[in-house]
$ cat my_file-v7.csv   # CSV, C-alpha atoms
chain,number,residue,atom,x,y,z
D,1425,MET,CA,-28.9,21.6,23.3
D,1426,VAL,CA,-26.7,18.5,22.8
D,1427,GLN,CA,-24.5,17.6,25.7
D,1428,THR,CA,-21.2,15.8,25.4
D,1429,GLU,CA,-19.3,13.7,27.9
D,1430,VAL,CA,-15.9,12.1,27.4
D,1431,GLN,CA,-15.5,8.9,29.3
D,1432,ALA,CA,-12.9,6.1,29.5
D,1433,VAL,CA,-14.5,2.7,28.7
D,1434,THR,CA,-12.6,-0.3,30.2
D,1435,THR,CA,-12.3,-3.4,28.0
D,1436,GLU,CA,-12.2,-7.0,29.2
D,1437,ASN,CA,-8.4,-6.9,28.8
D,1438,HIS,CA,-8.2,-3.8,30.9
D,1439,HIS,CA,-7.4,-1.3,28.1
D,1440,GLN,CA,-8.9,2.1,28.4
D,1441,LEU,CA,-10.8,3.4,25.3
D,1442,SER,CA,-11.6,7.1,24.9
D,1443,ALA,CA,-15.3,7.5,24.1
D,1444,THR,CA,-17.5,10.5,23.7
D,1445,PHE,CA,-21.2,10.3,24.4
D,1446,TYR,CA,-23.6,12.9,22.9
D,1447,SER,CA,-26.9,13.2,24.7
D,1448,PRO,CA,-30.1,14.8,23.2
D,1449,GLU,CA,-31.9,17.5,24.9
D,1450,GLY,CA,-35.4,15.9,24.9
D,1451,GLU,CA,-36.7,12.4,24.9
D,1452,MET,CA,-34.2,9.8,23.6
D,1453,LYS,CA,-35.4,7.9,20.5
D,1454,GLY,CA,-32.6,5.3,20.6
D,1455,ALA,CA,-28.8,5.0,20.7
D,1456,VAL,CA,-26.3,5.1,17.8
D,1457,LEU,CA,-22.8,3.7,18.0
D,1458,ILE,CA,-20.5,5.1,15.3
D,1459,VAL,CA,-17.8,2.5,14.6
D,1460,PRO,CA,-14.8,4.1,12.9
D,1461,ALA,CA,-12.9,3.3,9.7
D,1462,LEU,CA,-9.4,2.1,9.9
D,1463,GLY,CA,-7.1,4.8,11.2
D,1464,ALA,CA,-9.9,7.3,11.7
D,1465,ALA,CA,-10.0,9.1,15.0
D,1466,GLN,CA,-13.4,9.7,16.6
D,1467,ARG,CA,-13.1,13.5,16.2
D,1468,TYR,CA,-13.7,12.9,12.5
D,1469,TYR,CA,-17.3,12.0,13.4
D,1470,CYS,CA,-18.0,14.8,15.8
D,1471,SER,CA,-20.3,16.9,13.5
D,1472,PHE,CA,-22.3,13.9,12.4
D,1473,ALA,CA,-22.7,12.7,16.0
D,1474,THR,CA,-23.8,16.1,17.1
D,1475,TRP,CA,-26.4,16.2,14.3
D,1476,LEU,CA,-27.7,12.8,15.2
D,1477,ALA,CA,-28.0,13.8,18.9
D,1478,ALA,CA,-30.0,16.8,17.8
D,1479,GLN,CA,-32.4,14.5,16.1
D,1480,GLY,CA,-33.1,12.7,19.5
D,1481,TYR,CA,-30.5,9.9,19.6
D,1482,MET,CA,-27.8,9.2,22.2
D,1483,VAL,CA,-24.7,8.8,20.2
D,1484,ALA,CA,-21.3,7.3,21.1
D,1485,THR,CA,-18.0,7.6,19.2
D,1486,PHE,CA,-14.7,6.1,20.2
D,1487,ASP,CA,-11.1,5.4,19.3
D,1488,TYR,CA,-9.9,1.8,18.9
D,1489,TYR,CA,-7.1,0.9,21.2
D,1490,GLY,CA,-3.9,2.4,19.8
D,1491,ILE,CA,-5.7,5.1,17.8
D,1492,GLY,CA,-6.3,8.7,18.6
D,1493,LEU,CA,-7.1,9.3,22.3
D,1494,SER,CA,-7.0,5.6,23.0
D,1495,GLN,CA,-3.3,5.4,22.3
D,1496,SER,CA,-1.2,4.5,25.3
D,1497,GLY,CA,2.5,4.7,24.9
D,1498,HIS,CA,4.3,4.3,21.5
D,1499,LEU,CA,2.7,2.4,18.7
D,1500,HIS,CA,5.7,0.1,18.3
D,1501,ASP,CA,4.8,-1.3,21.8
D,1502,THR,CA,1.1,-1.7,21.0
D,1503,ASN,CA,0.2,-5.3,20.6
D,1504,VAL,CA,-3.3,-5.4,19.0
D,1505,THR,CA,-5.1,-6.7,15.9
D,1506,ILE,CA,-8.3,-5.9,14.0
D,1507,ILE,CA,-9.9,-9.0,15.5
D,1508,ASP,CA,-9.0,-7.5,19.0
D,1509,TRP,CA,-10.7,-4.3,18.0
D,1510,ALA,CA,-13.9,-6.2,17.1
D,1511,LYS,CA,-14.0,-8.8,19.8
D,1512,ILE,CA,-12.8,-6.6,22.6
D,1513,ASP,CA,-13.1,-2.9,21.8
D,1514,CYS,CA,-16.4,-3.0,19.9
D,1515,ALA,CA,-17.9,-5.4,22.4
D,1516,ALA,CA,-17.0,-3.0,25.3
D,1517,MET,CA,-18.6,-0.1,23.4
D,1518,VAL,CA,-21.8,-2.1,22.7
D,1519,GLU,CA,-22.1,-2.9,26.4
D,1520,ALA,CA,-21.3,0.6,27.5
D,1521,VAL,CA,-24.0,2.1,25.2
D,1522,SER,CA,-26.5,-0.6,26.0
D,1523,ASN,CA,-26.1,0.1,29.7
D,1524,ARG,CA,-26.8,3.8,29.2
D,1525,THR,CA,-29.9,3.2,27.1
D,1526,VAL,CA,-31.8,0.3,28.6
D,1527,GLY,CA,-35.0,-0.3,26.7
D,1528,LYS,CA,-34.0,1.8,23.7
D,1529,PRO,CA,-33.0,0.3,20.3
D,1530,LEU,CA,-29.3,0.4,19.5
D,1531,TYR,CA,-28.2,1.2,16.0
D,1532,TRP,CA,-24.7,0.5,14.6
D,1533,ILE,CA,-23.3,2.8,12.0
D,1534,GLY,CA,-20.1,1.3,10.6
D,1535,HIS,CA,-17.7,3.3,8.4
D,1536,SER,CA,-15.6,1.1,6.1
D,1537,LEU,CA,-13.8,-1.3,8.5
D,1538,GLY,CA,-16.5,-0.4,11.1
D,1539,GLY,CA,-19.0,-2.2,9.0
D,1540,GLN,CA,-16.8,-5.1,8.0
D,1541,ILE,CA,-16.0,-6.3,11.5
D,1542,LEU,CA,-19.6,-6.5,12.9
D,1543,GLY,CA,-19.8,-10.2,12.5
D,1544,LEU,CA,-16.8,-10.7,14.8
D,1545,VAL,CA,-18.5,-8.7,17.7
D,1546,PRO,CA,-19.6,-11.3,20.3
D,1547,ASN,CA,-22.5,-9.2,21.7
D,1548,HIS,CA,-23.9,-8.0,18.4
D,1549,TYR,CA,-27.3,-9.4,19.4
D,1550,HIS,CA,-27.9,-6.1,21.3
D,1551,ILE,CA,-28.0,-4.2,17.9
D,1552,ALA,CA,-31.4,-3.6,16.4
D,1553,LYS,CA,-30.3,-2.2,13.0
D,1554,VAL,CA,-27.1,-1.7,11.1
D,1555,VAL,CA,-26.0,1.0,8.5
D,1556,THR,CA,-22.7,0.6,6.7
D,1557,ILE,CA,-20.9,3.4,4.8
D,1558,ALA,CA,-18.2,2.8,2.2
D,1559,CYS,CA,-18.0,-0.8,3.3
D,1560,GLY,CA,-17.1,-3.3,0.6
D,1561,SER,CA,-14.4,-5.7,-0.5
D,1562,GLY,CA,-10.9,-4.9,0.6
D,1563,TYR,CA,-9.3,-7.1,-2.0
D,1564,TRP,CA,-6.6,-5.1,-3.7
D,1565,SER,CA,-7.3,-6.4,-7.2
D,1566,GLU,CA,-10.9,-5.2,-7.1
D,1567,ASN,CA,-10.0,-1.5,-6.9
D,1568,VAL,CA,-10.7,0.7,-9.8
D,1569,PRO,CA,-7.8,0.9,-12.3
D,1570,SER,CA,-6.6,4.3,-11.0
D,1571,LEU,CA,-6.2,2.8,-7.5
D,1572,LYS,CA,-5.3,-0.8,-8.3
D,1573,TRP,CA,-1.6,-0.3,-8.7
D,1574,LYS,CA,-1.4,2.1,-5.8
D,1575,ALA,CA,-2.9,-0.7,-3.7
D,1576,TRP,CA,-0.4,-3.2,-5.1
D,1577,TRP,CA,2.5,-0.8,-4.2
D,1578,LEU,CA,1.0,-0.4,-0.7
D,1579,TRP,CA,0.6,-4.1,0.0
D,1580,PHE,CA,3.6,-5.6,-1.7
D,1581,ILE,CA,6.2,-3.0,-1.0
D,1582,VAL,CA,5.3,-0.1,1.4
D,1583,ALA,CA,3.5,-2.0,4.1
D,1584,LEU,CA,6.1,-4.7,4.3
D,1585,LEU,CA,9.1,-2.4,4.5
D,1586,ALA,CA,7.6,0.2,6.8
D,1587,THR,CA,6.3,-2.2,9.4
D,1588,ARG,CA,9.6,-4.1,9.5
D,1589,LEU,CA,11.6,-0.9,9.8
D,1590,PHE,CA,9.5,0.9,12.4
D,1591,ALA,CA,7.6,-1.9,14.2
D,1592,TYR,CA,4.4,-0.1,13.4
D,1593,PHE,CA,2.9,1.5,10.2
D,1594,PRO,CA,3.9,5.2,10.0
D,1595,GLY,CA,0.9,6.1,7.8
D,1596,LYS,CA,0.9,9.8,8.7
D,1597,ARG,CA,4.5,10.2,7.5
D,1598,LEU,CA,3.7,8.3,4.4
D,1599,ARG,CA,0.3,10.1,3.9
D,1600,LYS,CA,-1.5,6.7,3.8
D,1601,VAL,CA,-4.3,5.9,6.1
D,1602,GLY,CA,-2.7,7.0,9.4
D,1603,ASP,CA,-0.4,5.5,12.0
D,1604,LEU,CA,-1.4,1.9,12.8
D,1605,PRO,CA,-0.1,-0.8,15.2
D,1606,LYS,CA,1.9,-3.5,13.5
D,1607,GLY,CA,-0.6,-6.2,14.2
D,1608,VAL,CA,-3.5,-4.2,12.7
D,1609,MET,CA,-1.6,-3.4,9.6
D,1610,ASN,CA,-0.3,-7.0,9.1
D,1611,GLN,CA,-3.8,-8.4,9.5
D,1612,TRP,CA,-5.4,-5.8,7.2
D,1613,ARG,CA,-2.7,-6.6,4.6
D,1614,GLN,CA,-3.4,-10.3,4.9
D,1615,TRP,CA,-7.1,-9.7,4.4
D,1616,CYS,CA,-6.7,-7.3,1.5
D,1617,LEU,CA,-4.5,-9.9,-0.3
D,1618,HIS,CA,-7.2,-12.6,-0.1
D,1619,PRO,CA,-10.0,-12.5,-2.7
D,1620,GLU,CA,-12.6,-13.7,-0.2
D,1621,SER,CA,-11.7,-11.4,2.6
D,1622,CYS,CA,-13.5,-8.2,3.7
D,1623,ARG,CA,-16.7,-8.9,1.9
D,1624,CYS,CA,-20.0,-7.4,3.1
$ encode --input "my_file-v7.csv" --output "structure tokens"
Amino acid sequence: MVQTEVQAVTTENHHQLSATFYSPEGEMKGAVLIVPALGAAQRYYCSFATWLAAQGYMVATFDYYGIGLSQSGHLHDTNVTIIDWAKIDCAAMVEAVSNRTVGKPLYWIGHSLGGQILGLVPNHYHIAKVVTIACGSGYWSENVPSLKWKAWWLWFIVALLATRLFAYFPGKRLRKVGDLPKGVMNQWRQWCLHPESCRC
């Protein structure tokens, strides 16, 4: 039977990340860190994490700072960027999982943004193998025709106006991605407007 444990993981800048650890019943084959997509809360990966644990892996899911259960206070007061998520949050999670599974291989499953930011994680040398899902170019002009102009509308109009008005991106209200800190949205916009950004 898979056992779950919710734990606060402290980052180097003293933020508290909400993480869930799924432990297998028998012998542990290895560890899996599921790194979420932009705006995706860790609960989205619960069923997948439970299944992986049932196959013999210790699995960890987490929320980036400012997302889901790792949100502290209001988003308009949250000063964080995607690079912070990679260099600080992901690094803390890699360390936390590695400390729990000494001597076992650590696998990184990155969903969308979770695959794109791996190269920015300072302690990535702990990771034995990487799997990325739906991870490609974020450049707006490379979207399929049906999405291309929606992306243009998001980056050149909606994102600019919304973040200036609310001091964060109210994605839930707009039914786009989800609520995001201003620094995250501004950096993501900058990357998606550059043809050489977000390539894997």
$ closest_residue --input "my_file-v7.csv" --among "D:Gln1427, D:Gln1440, D:Ala1510, D:Pro1619" --to "D:Leu1476" --atoms "only C-alpha atoms"
D:Gln1427
$ residues_around --input "my_file-v7.csv" --residues "D:Leu1493" --least-positions-apart "6" --cutoff "8 Å" --atoms "all atoms listed in the file" --output "ChimeraX atom specification"
/D:1441-1442,1465,1487
$ closest_atom_pairs --input "my_file-v7.csv" --of "stretch 1454-1483 of chain D" --to "stretch 1544-1563 of chain D" --cutoff "12 Å" --atoms "only C-alpha atoms" --output "CSV"
residue,atom,partner,partner_atom,distance
D:Gly1454,CA,D:Ala1552,CA,9.9
D:Ala1455,CA,D:Ile1551,CA,9.6
D:Val1456,CA,D:Ile1551,CA,9.5
D:Leu1457,CA,D:Ile1551,CA,9.5
D:Ile1458,CA,D:Val1555,CA,9.7
D:Val1459,CA,D:Thr1556,CA,9.5
D:Pro1460,CA,D:Ile1557,CA,10.2
D:Ala1461,CA,D:Cys1559,CA,9.2
D:Leu1462,CA,D:Cys1559,CA,11.2
$ residues_near_point --input "my_file-v7.csv" --point "(1.7, 2.1, -1.6)" --cutoff "12 Å" --atoms "only C-alpha atoms" --output "ChimeraX atom specification"
/D:1564,1571-1586,1593,1595,1598-1601,1613
$ write_last_selection --input "my_file-v7.csv" --atoms "C-alpha atoms" --output "PDB file, in the frame of the given file"
ATOM      1  CA  TRP D1564      -6.600  -5.100  -3.700  1.00  0.00           C
ATOM      2  CA  LEU D1571      -6.200   2.800  -7.500  1.00  0.00           C
ATOM      3  CA  LYS D1572      -5.300  -0.800  -8.300  1.00  0.00           C
ATOM      4  CA  TRP D1573      -1.600  -0.300  -8.700  1.00  0.00           C
ATOM      5  CA  LYS D1574      -1.400   2.100  -5.800  1.00  0.00           C
ATOM      6  CA  ALA D1575      -2.900  -0.700  -3.700  1.00  0.00           C
ATOM      7  CA  TRP D1576      -0.400  -3.200  -5.100  1.00  0.00           C
ATOM      8  CA  TRP D1577       2.500  -0.800  -4.200  1.00  0.00           C
ATOM      9  CA  LEU D1578       1.000  -0.400  -0.700  1.00  0.00           C
ATOM     10  CA  TRP D1579       0.600  -4.100   0.000  1.00  0.00           C
ATOM     11  CA  PHE D1580       3.600  -5.600  -1.700  1.00  0.00           C
ATOM     12  CA  ILE D1581       6.200  -3.000  -1.000  1.00  0.00           C
ATOM     13  CA  VAL D1582       5.300  -0.100   1.400  1.00  0.00           C
ATOM     14  CA  ALA D1583       3.500  -2.000   4.100  1.00  0.00           C
ATOM     15  CA  LEU D1584       6.100  -4.700   4.300  1.00  0.00           C
ATOM     16  CA  LEU D1585       9.100  -2.400   4.500  1.00  0.00           C
ATOM     17  CA  ALA D1586       7.600   0.200   6.800  1.00  0.00           C
ATOM     18  CA  PHE D1593       2.900   1.500  10.200  1.00  0.00           C
ATOM     19  CA  GLY D1595       0.900   6.100   7.800  1.00  0.00           C
ATOM     20  CA  LEU D1598       3.700   8.300   4.400  1.00  0.00           C
ATOM     21  CA  ARG D1599       0.300  10.100   3.900  1.00  0.00           C
ATOM     22  CA  LYS D1600      -1.500   6.700   3.800  1.00  0.00           C
ATOM     23  CA  VAL D1601      -4.300   5.900   6.100  1.00  0.00           C
ATOM     24  CA  ARG D1613      -2.700  -6.600   4.600  1.00  0.00           C
TER      25      ARG D1613
END
$ atom_distance --input "my_file-v7.csv" --atom1 "atom CA of D:Thr1434" --atom2 "atom CA of D:Leu1604"
20.8 Å
$ closest_residue --input "my_file-v7.csv" --among "D:Thr1505, D:Ser1536, D:Gln1479, D:Thr1525" --to "D:Val1608" --atoms "all atoms listed in the file"
D:Thr1505
$ residues_around --input "my_file-v7.csv" --residues "D:Ala1520" --least-positions-apart "3" --cutoff "10 Å" --atoms "all atoms listed in the file" --output "MDAnalysis selection string"
chainID D and resid 1433:1435 1443 1484 1514:1517 1523:1525
$ write_last_selection --input "my_file-v7.csv" --atoms "C-alpha atoms" --output "PDB file, in the coordinates of the input"
ATOM      1  CA  VAL D1433     -14.500   2.700  28.700  1.00  0.00           C
ATOM      2  CA  THR D1434     -12.600  -0.300  30.200  1.00  0.00           C
ATOM      3  CA  THR D1435     -12.300  -3.400  28.000  1.00  0.00           C
ATOM      4  CA  ALA D1443     -15.300   7.500  24.100  1.00  0.00           C
ATOM      5  CA  ALA D1484     -21.300   7.300  21.100  1.00  0.00           C
ATOM      6  CA  CYS D1514     -16.400  -3.000  19.900  1.00  0.00           C
ATOM      7  CA  ALA D1515     -17.900  -5.400  22.400  1.00  0.00           C
ATOM      8  CA  ALA D1516     -17.000  -3.000  25.300  1.00  0.00           C
ATOM      9  CA  MET D1517     -18.600  -0.100  23.400  1.00  0.00           C
ATOM     10  CA  ASN D1523     -26.100   0.100  29.700  1.00  0.00           C
ATOM     11  CA  ARG D1524     -26.800   3.800  29.200  1.00  0.00           C
ATOM     12  CA  THR D1525     -29.900   3.200  27.100  1.00  0.00           C
TER      13      THR D1525
END
$ closest_residue --input "my_file-v7.csv" --among "D:Gly1602, D:Gly1480, D:Gly1492, D:Gly1450" --to "D:Arg1467" --atoms "all atoms listed in the file"
D:Gly1492
$ closest_residue --input "my_file-v7.csv" --among "D:Ser1471, D:Ile1512, D:Trp1532, D:Arg1588" --to "D:His1438" --atoms "all atoms listed in the file"
D:Ile1512
$ atom_distance --input "my_file-v7.csv" --atom1 "atom CA of D:His1535" --atom2 "atom CA of D:Thr1587"
24.6 Å
$ atom_distance --input "my_file-v7.csv" --atom1 "atom CA of D:Glu1519" --atom2 "atom CA of D:Pro1605"
24.8 Å
$ build_atoms --input "my_file-v7.csv" --residues "stretch 1488-1517 of chain D" --atoms "N, CA and C atoms" --output "PDB file, keeping the file's coordinate frame"
ATOM      1  N   TYR D1488     -10.458   3.171  18.612  1.00  0.00           N
ATOM      2  CA  TYR D1488      -9.900   1.800  18.900  1.00  0.00           C
ATOM      3  C   TYR D1488      -8.642   1.952  19.713  1.00  0.00           C
ATOM      4  N   TYR D1489      -8.316   0.889  20.435  1.00  0.00           N
ATOM      5  CA  TYR D1489      -7.100   0.900  21.200  1.00  0.00           C
ATOM      6  C   TYR D1489      -5.882   1.070  20.273  1.00  0.00           C
ATOM      7  N   GLY D1490      -5.041   2.052  20.595  1.00  0.00           N
ATOM      8  CA  GLY D1490      -3.900   2.400  19.800  1.00  0.00           C
ATOM      9  C   GLY D1490      -4.119   3.482  18.783  1.00  0.00           C
ATOM     10  N   ILE D1491      -5.353   3.990  18.724  1.00  0.00           N
ATOM     11  CA  ILE D1491      -5.700   5.100  17.800  1.00  0.00           C
ATOM     12  C   ILE D1491      -6.171   6.284  18.552  1.00  0.00           C
ATOM     13  N   GLY D1492      -5.817   7.472  18.060  1.00  0.00           N
ATOM     14  CA  GLY D1492      -6.300   8.700  18.600  1.00  0.00           C
ATOM     15  C   GLY D1492      -6.084   8.821  20.133  1.00  0.00           C
ATOM     16  N   LEU D1493      -7.152   9.149  20.866  1.00  0.00           N
ATOM     17  CA  LEU D1493      -7.100   9.300  22.300  1.00  0.00           C
ATOM     18  C   LEU D1493      -6.987   8.016  23.074  1.00  0.00           C
ATOM     19  N   SER D1494      -7.142   6.896  22.381  1.00  0.00           N
ATOM     20  CA  SER D1494      -7.000   5.600  23.000  1.00  0.00           C
ATOM     21  C   SER D1494      -5.595   5.018  22.880  1.00  0.00           C
ATOM     22  N   GLN D1495      -4.693   5.833  22.392  1.00  0.00           N
ATOM     23  CA  GLN D1495      -3.300   5.400  22.300  1.00  0.00           C
ATOM     24  C   GLN D1495      -2.596   5.562  23.586  1.00  0.00           C
ATOM     25  N   SER D1496      -1.952   4.521  24.041  1.00  0.00           N
ATOM     26  CA  SER D1496      -1.200   4.500  25.300  1.00  0.00           C
ATOM     27  C   SER D1496       0.217   4.126  25.034  1.00  0.00           C
ATOM     28  N   GLY D1497       1.147   5.055  25.188  1.00  0.00           N
ATOM     29  CA  GLY D1497       2.500   4.700  24.900  1.00  0.00           C
ATOM     30  C   GLY D1497       2.783   4.819  23.367  1.00  0.00           C
ATOM     31  N   HIS D1498       3.906   4.272  22.937  1.00  0.00           N
ATOM     32  CA  HIS D1498       4.300   4.300  21.500  1.00  0.00           C
ATOM     33  C   HIS D1498       3.654   3.147  20.774  1.00  0.00           C
ATOM     34  N   LEU D1499       3.330   3.391  19.514  1.00  0.00           N
ATOM     35  CA  LEU D1499       2.700   2.400  18.700  1.00  0.00           C
ATOM     36  C   LEU D1499       3.539   1.108  18.521  1.00  0.00           C
ATOM     37  N   HIS D1500       4.864   1.265  18.521  1.00  0.00           N
ATOM     38  CA  HIS D1500       5.700   0.100  18.300  1.00  0.00           C
ATOM     39  C   HIS D1500       5.601  -0.893  19.504  1.00  0.00           C
ATOM     40  N   ASP D1501       5.023  -0.421  20.621  1.00  0.00           N
ATOM     41  CA  ASP D1501       4.800  -1.300  21.800  1.00  0.00           C
ATOM     42  C   ASP D1501       3.368  -1.746  21.922  1.00  0.00           C
ATOM     43  N   THR D1502       2.526  -1.388  20.968  1.00  0.00           N
ATOM     44  CA  THR D1502       1.100  -1.700  21.000  1.00  0.00           C
ATOM     45  C   THR D1502       0.823  -3.023  20.329  1.00  0.00           C
ATOM     46  N   ASN D1503       0.422  -4.012  21.092  1.00  0.00           N
ATOM     47  CA  ASN D1503       0.200  -5.300  20.600  1.00  0.00           C
ATOM     48  C   ASN D1503      -1.349  -5.536  20.413  1.00  0.00           C
ATOM     49  N   VAL D1504      -1.860  -5.300  19.218  1.00  0.00           N
ATOM     50  CA  VAL D1504      -3.300  -5.400  19.000  1.00  0.00           C
ATOM     51  C   VAL D1504      -3.556  -5.713  17.521  1.00  0.00           C
ATOM     52  N   THR D1505      -4.681  -6.379  17.245  1.00  0.00           N
ATOM     53  CA  THR D1505      -5.100  -6.700  15.900  1.00  0.00           C
ATOM     54  C   THR D1505      -6.472  -6.183  15.602  1.00  0.00           C
ATOM     55  N   ILE D1506      -6.893  -6.288  14.366  1.00  0.00           N
ATOM     56  CA  ILE D1506      -8.300  -5.900  14.000  1.00  0.00           C
ATOM     57  C   ILE D1506      -9.275  -6.772  14.721  1.00  0.00           C
ATOM     58  N   ILE D1507      -8.971  -8.047  14.835  1.00  0.00           N
ATOM     59  CA  ILE D1507      -9.900  -9.000  15.500  1.00  0.00           C
ATOM     60  C   ILE D1507     -10.028  -8.541  17.000  1.00  0.00           C
ATOM     61  N   ASP D1508      -8.938  -8.075  17.614  1.00  0.00           N
ATOM     62  CA  ASP D1508      -9.000  -7.500  19.000  1.00  0.00           C
ATOM     63  C   ASP D1508      -9.957  -6.340  19.032  1.00  0.00           C
ATOM     64  N   TRP D1509      -9.843  -5.470  18.045  1.00  0.00           N
ATOM     65  CA  TRP D1509     -10.700  -4.300  18.000  1.00  0.00           C
ATOM     66  C   TRP D1509     -12.191  -4.711  17.963  1.00  0.00           C
ATOM     67  N   ALA D1510     -12.482  -5.754  17.185  1.00  0.00           N
ATOM     68  CA  ALA D1510     -13.900  -6.200  17.100  1.00  0.00           C
ATOM     69  C   ALA D1510     -14.346  -6.931  18.312  1.00  0.00           C
ATOM     70  N   LYS D1511     -13.588  -7.942  18.725  1.00  0.00           N
ATOM     71  CA  LYS D1511     -14.000  -8.800  19.800  1.00  0.00           C
ATOM     72  C   LYS D1511     -13.930  -8.160  21.194  1.00  0.00           C
ATOM     73  N   ILE D1512     -13.021  -7.206  21.329  1.00  0.00           N
ATOM     74  CA  ILE D1512     -12.800  -6.600  22.600  1.00  0.00           C
ATOM     75  C   ILE D1512     -13.283  -5.153  22.689  1.00  0.00           C
ATOM     76  N   ASP D1513     -12.747  -4.314  21.799  1.00  0.00           N
ATOM     77  CA  ASP D1513     -13.100  -2.900  21.800  1.00  0.00           C
ATOM     78  C   ASP D1513     -14.562  -2.636  21.495  1.00  0.00           C
ATOM     79  N   CYS D1514     -15.001  -3.185  20.368  1.00  0.00           N
ATOM     80  CA  CYS D1514     -16.400  -3.000  19.900  1.00  0.00           C
ATOM     81  C   CYS D1514     -17.370  -3.594  20.935  1.00  0.00           C
ATOM     82  N   ALA D1515     -17.013  -4.759  21.463  1.00  0.00           N
ATOM     83  CA  ALA D1515     -17.900  -5.400  22.400  1.00  0.00           C
ATOM     84  C   ALA D1515     -18.030  -4.530  23.684  1.00  0.00           C
ATOM     85  N   ALA D1516     -16.941  -3.913  24.125  1.00  0.00           N
ATOM     86  CA  ALA D1516     -17.000  -3.000  25.300  1.00  0.00           C
ATOM     87  C   ALA D1516     -17.872  -1.807  25.018  1.00  0.00           C
ATOM     88  N   MET D1517     -17.790  -1.286  23.792  1.00  0.00           N
ATOM     89  CA  MET D1517     -18.600  -0.100  23.400  1.00  0.00           C
ATOM     90  C   MET D1517     -20.071  -0.477  23.334  1.00  0.00           C
TER      91      MET D1517
END
